[in-house]
Amino acid sequence: MSKKHRNHKPAQSAAGSERQPTAQAAGDTAASQAGEASDVDMVRVAAVAPAAAAVAMQGSPFDRPTTQTDIRGVLIQVAGAKLLLPNATIAEVLSYADPEPVGADAPQWLLGRMRWRGWHVPLIAFGTLSGLSEERGGLGSKVLVLKALGGKTKTPYVAILTQGFPRLVTVSESGLVFEDDASAEMPCAVHARVRLNEDQALVPDLEVVEDMVAEALAQAA
């Protein structure tokens, strides 16, 4: 694995529904890649640049801050940790089904591909990819379809395995704290450790994830 990979390091939904759209309309692909990338940056900078975060959100009516310093996010549970993501990156939440295998040479964290809206979307286990904990899908597992930001995969989406539905949260300047621990190595594909109110979470580096997915798919082809 490359040095880059080593160093880097929603609201409650109705039970029983097979396909659970997030608060932002499912399948909405009209936003530009640049706009989606800025949504990710908002979570990274919300604690230190709330004004810039508020301005960046103006392109998404639903996710427009409730105050000048608030943005919409989601907390998702993966094996070994919670992840904090901008709500604008989520296209849809689905019930888990066994994906199609991608090849014998695929890494363990690349679970396969799933069919979604005409796409073959790669499905990953972030807990396994980051080295936090082994993770497999099963009863009660959900899948988050995320909009790819870097444009480096053959599809504009990447899916992440989760344990249950995402939880919609408000990310505010006062509620988000970046936890810097120089003695602790950052897990693979993690941008930062944060605390949002009472929740400890990781902010994933989605561009690194997309790079790793593209590389794994190329090797498995």
# chains A, B, ... in the order shown; residues from 1 in each chain; ligands from 1

$ select_by_dssp --residues "range 99-191 of chain A" --states "alpha helix (DSSP H)" --output "list in words"
Phe126, Gly127, Thr128, Leu129 and Ser130 of chain A

$ write_last_selection --atoms "C-alpha atoms" --output "PDB file, in the first residue's frame"
ATOM      1  CA  PHE A 126     -14.561   0.776   6.489  1.00  0.00           C
ATOM      2  CA  GLY A 127     -13.749  -0.887   9.805  1.00  0.00           C
ATOM      3  CA  THR A 128     -11.651  -3.474   7.982  1.00  0.00           C
ATOM      4  CA  LEU A 129     -10.085  -0.960   5.574  1.00  0.00           C
ATOM      5  CA  SER A 130      -8.963   1.332   8.395  1.00  0.00           C
TER       6      SER A 130
END

$ residues_around --residues "Gly118 in chain A" --least-positions-apart "3" --cutoff "12 Å" --atoms "only C-alpha atoms" --output "PyMOL selection string"
chain A and resi 27+114-115+121+155-157

$ write_last_selection --atoms "C-alpha atoms" --output "JSON list (two decimals), in the first residue's frame"
[["chain", "number", "residue", "atom", "x", "y", "z"],
["A", 27, "GLY", "CA", -30.42, 9.98, -6.37],
["A", 114, "MET", "CA", -23.89, -3.98, -5.56],
["A", 115, "ARG", "CA", -26.45, -3.05, -8.19],
["A", 121, "VAL", "CA", -21.31, 0.32, -6.88],
["A", 155, "THR", "CA", -18.68, 4.95, -10.97],
["A", 156, "PRO", "CA", -19.71, 8.18, -9.25],
["A", 157, "TYR", "CA", -20.65, 6.32, -6.06]]

$ closest_residue --among "A:His191, A:Lys142, A:His120, A:Lys147" --to "Gly164 in chain A" --atoms "only C-alpha atoms"
A:Lys142

$ closest_residue --among "A:Val169, A:Ala79, A:Val177, A:Ala91" --to "Ser141 in chain A" --atoms "only C-alpha atoms"
A:Ala79

$ residues_around --residues "Val74 in chain A" --least-positions-apart "5" --cutoff "8 Å" --atoms "only C-alpha atoms" --output "PyMOL selection string"
chain A and resi 10-11+84-87+166-169

$ write_last_selection --atoms "N, CA and C atoms" --output "PDB file, in the first residue's frame"
ATOM      1  N   PRO A  10     -29.669   9.038   9.716  1.00  0.00           N
ATOM      2  CA  PRO A  10     -29.936  10.456   9.326  1.00  0.00           C
ATOM      3  C   PRO A  10     -31.162  10.666   9.993  1.00  0.00           C
ATOM      4  N   ALA A  11     -31.346  10.862   9.776  1.00  0.00           N
ATOM      5  CA  ALA A  11     -32.579  10.886  10.523  1.00  0.00           C
ATOM      6  C   ALA A  11     -33.161   9.496  10.634  1.00  0.00           C
ATOM      7  N   LEU A  84     -18.288  10.443  11.129  1.00  0.00           N
ATOM      8  CA  LEU A  84     -19.038  11.671  10.923  1.00  0.00           C
ATOM      9  C   LEU A  84     -18.882  12.099   9.472  1.00  0.00           C
ATOM     10  N   LEU A  85     -20.017  12.254   8.796  1.00  0.00           N
ATOM     11  CA  LEU A  85     -20.030  12.611   7.380  1.00  0.00           C
ATOM     12  C   LEU A  85     -20.989  13.770   7.137  1.00  0.00           C
ATOM     13  N   PRO A  86     -20.727  14.587   6.116  1.00  0.00           N
ATOM     14  CA  PRO A  86     -21.723  15.586   5.716  1.00  0.00           C
ATOM     15  C   PRO A  86     -22.953  14.892   5.130  1.00  0.00           C
ATOM     16  N   ASN A  87     -24.131  15.341   5.518  1.00  0.00           N
ATOM     17  CA  ASN A  87     -25.351  14.735   5.003  1.00  0.00           C
ATOM     18  C   ASN A  87     -25.437  14.834   3.484  1.00  0.00           C
ATOM     19  N   PRO A 166     -28.123   5.593   9.753  1.00  0.00           N
ATOM     20  CA  PRO A 166     -27.393   6.793  10.153  1.00  0.00           C
ATOM     21  C   PRO A 166     -28.253   7.667  11.074  1.00  0.00           C
ATOM     22  N   ARG A 167     -27.589   8.503  11.835  1.00  0.00           N
ATOM     23  CA  ARG A 167     -28.276   9.442  12.725  1.00  0.00           C
ATOM     24  C   ARG A 167     -27.978  10.861  12.282  1.00  0.00           C
ATOM     25  N   LEU A 168     -29.022  11.607  11.962  1.00  0.00           N
ATOM     26  CA  LEU A 168     -28.860  12.994  11.536  1.00  0.00           C
ATOM     27  C   LEU A 168     -28.470  13.856  12.732  1.00  0.00           C
ATOM     28  N   VAL A 169     -27.424  14.673  12.549  1.00  0.00           N
ATOM     29  CA  VAL A 169     -26.939  15.521  13.634  1.00  0.00           C
ATOM     30  C   VAL A 169     -26.695  16.935  13.107  1.00  0.00           C
TER      31      VAL A 169
END

$ residues_around --residues "Glu134 in chain A" --least-positions-apart "6" --cutoff "12 Å" --atoms "only C-alpha atoms" --output "PyMOL selection string"
chain A and resi 78-81+108-111+124-128+161

$ write_last_selection --atoms "C-alpha atoms" --output "compact mmCIF listing (two decimals), in the first residue's frame"
# COMPACT_ATOMS: atom_id res chain seq x y z
CA VAL A 78 -19.07 0.90 11.60
CA ALA A 79 -17.05 -1.82 13.27
CA GLY A 80 -14.88 -0.21 15.90
CA ALA A 81 -15.98 3.42 15.55
CA GLN A 108 -10.82 -8.18 2.36
CA TRP A 109 -12.30 -4.73 2.93
CA LEU A 110 -13.69 -4.60 -0.63
CA LEU A 111 -16.79 -6.71 -0.12
CA ILE A 124 -16.48 -1.44 1.36
CA ALA A 125 -16.15 -2.35 5.03
CA PHE A 126 -14.56 0.78 6.49
CA GLY A 127 -13.75 -0.89 9.81
CA THR A 128 -11.65 -3.47 7.98
CA LEU A 161 -21.36 -1.02 5.20

$ atom_distance --atom1 "CA of Glu198 in chain A" --atom2 "CA of Arg72 in chain A"
16.7 Å

$ residues_around --residues "Ala216 in chain A" --least-positions-apart "3" --cutoff "9 Å" --atoms "only C-alpha atoms" --output "number ranges by chain"
A: 105-107, 110, 211-213, 219-221

$ write_last_selection --atoms "C-alpha atoms" --output "short mmCIF file (atom, residue, chain, number, x, y, z; two decimals), in the first residue's frame"
data_model
loop_
_atom_site.label_atom_id
_atom_site.label_comp_id
_atom_site.auth_asym_id
_atom_site.auth_seq_id
_atom_site.Cartn_x
_atom_site.Cartn_y
_atom_site.Cartn_z
CA ASP A 105 -7.36 -10.72 -5.60
CA ALA A 106 -9.64 -8.13 -4.03
CA PRO A 107 -8.66 -6.97 -0.52
CA LEU A 110 -13.69 -4.60 -0.63
CA ASP A 211 -8.14 6.09 -4.42
CA MET A 212 -7.92 2.77 -2.59
CA VAL A 213 -11.15 1.49 -4.17
CA GLN A 219 -5.92 -5.09 -9.44
CA ALA A 220 -8.95 -7.39 -9.18
CA ALA A 221 -9.95 -6.90 -12.82
#
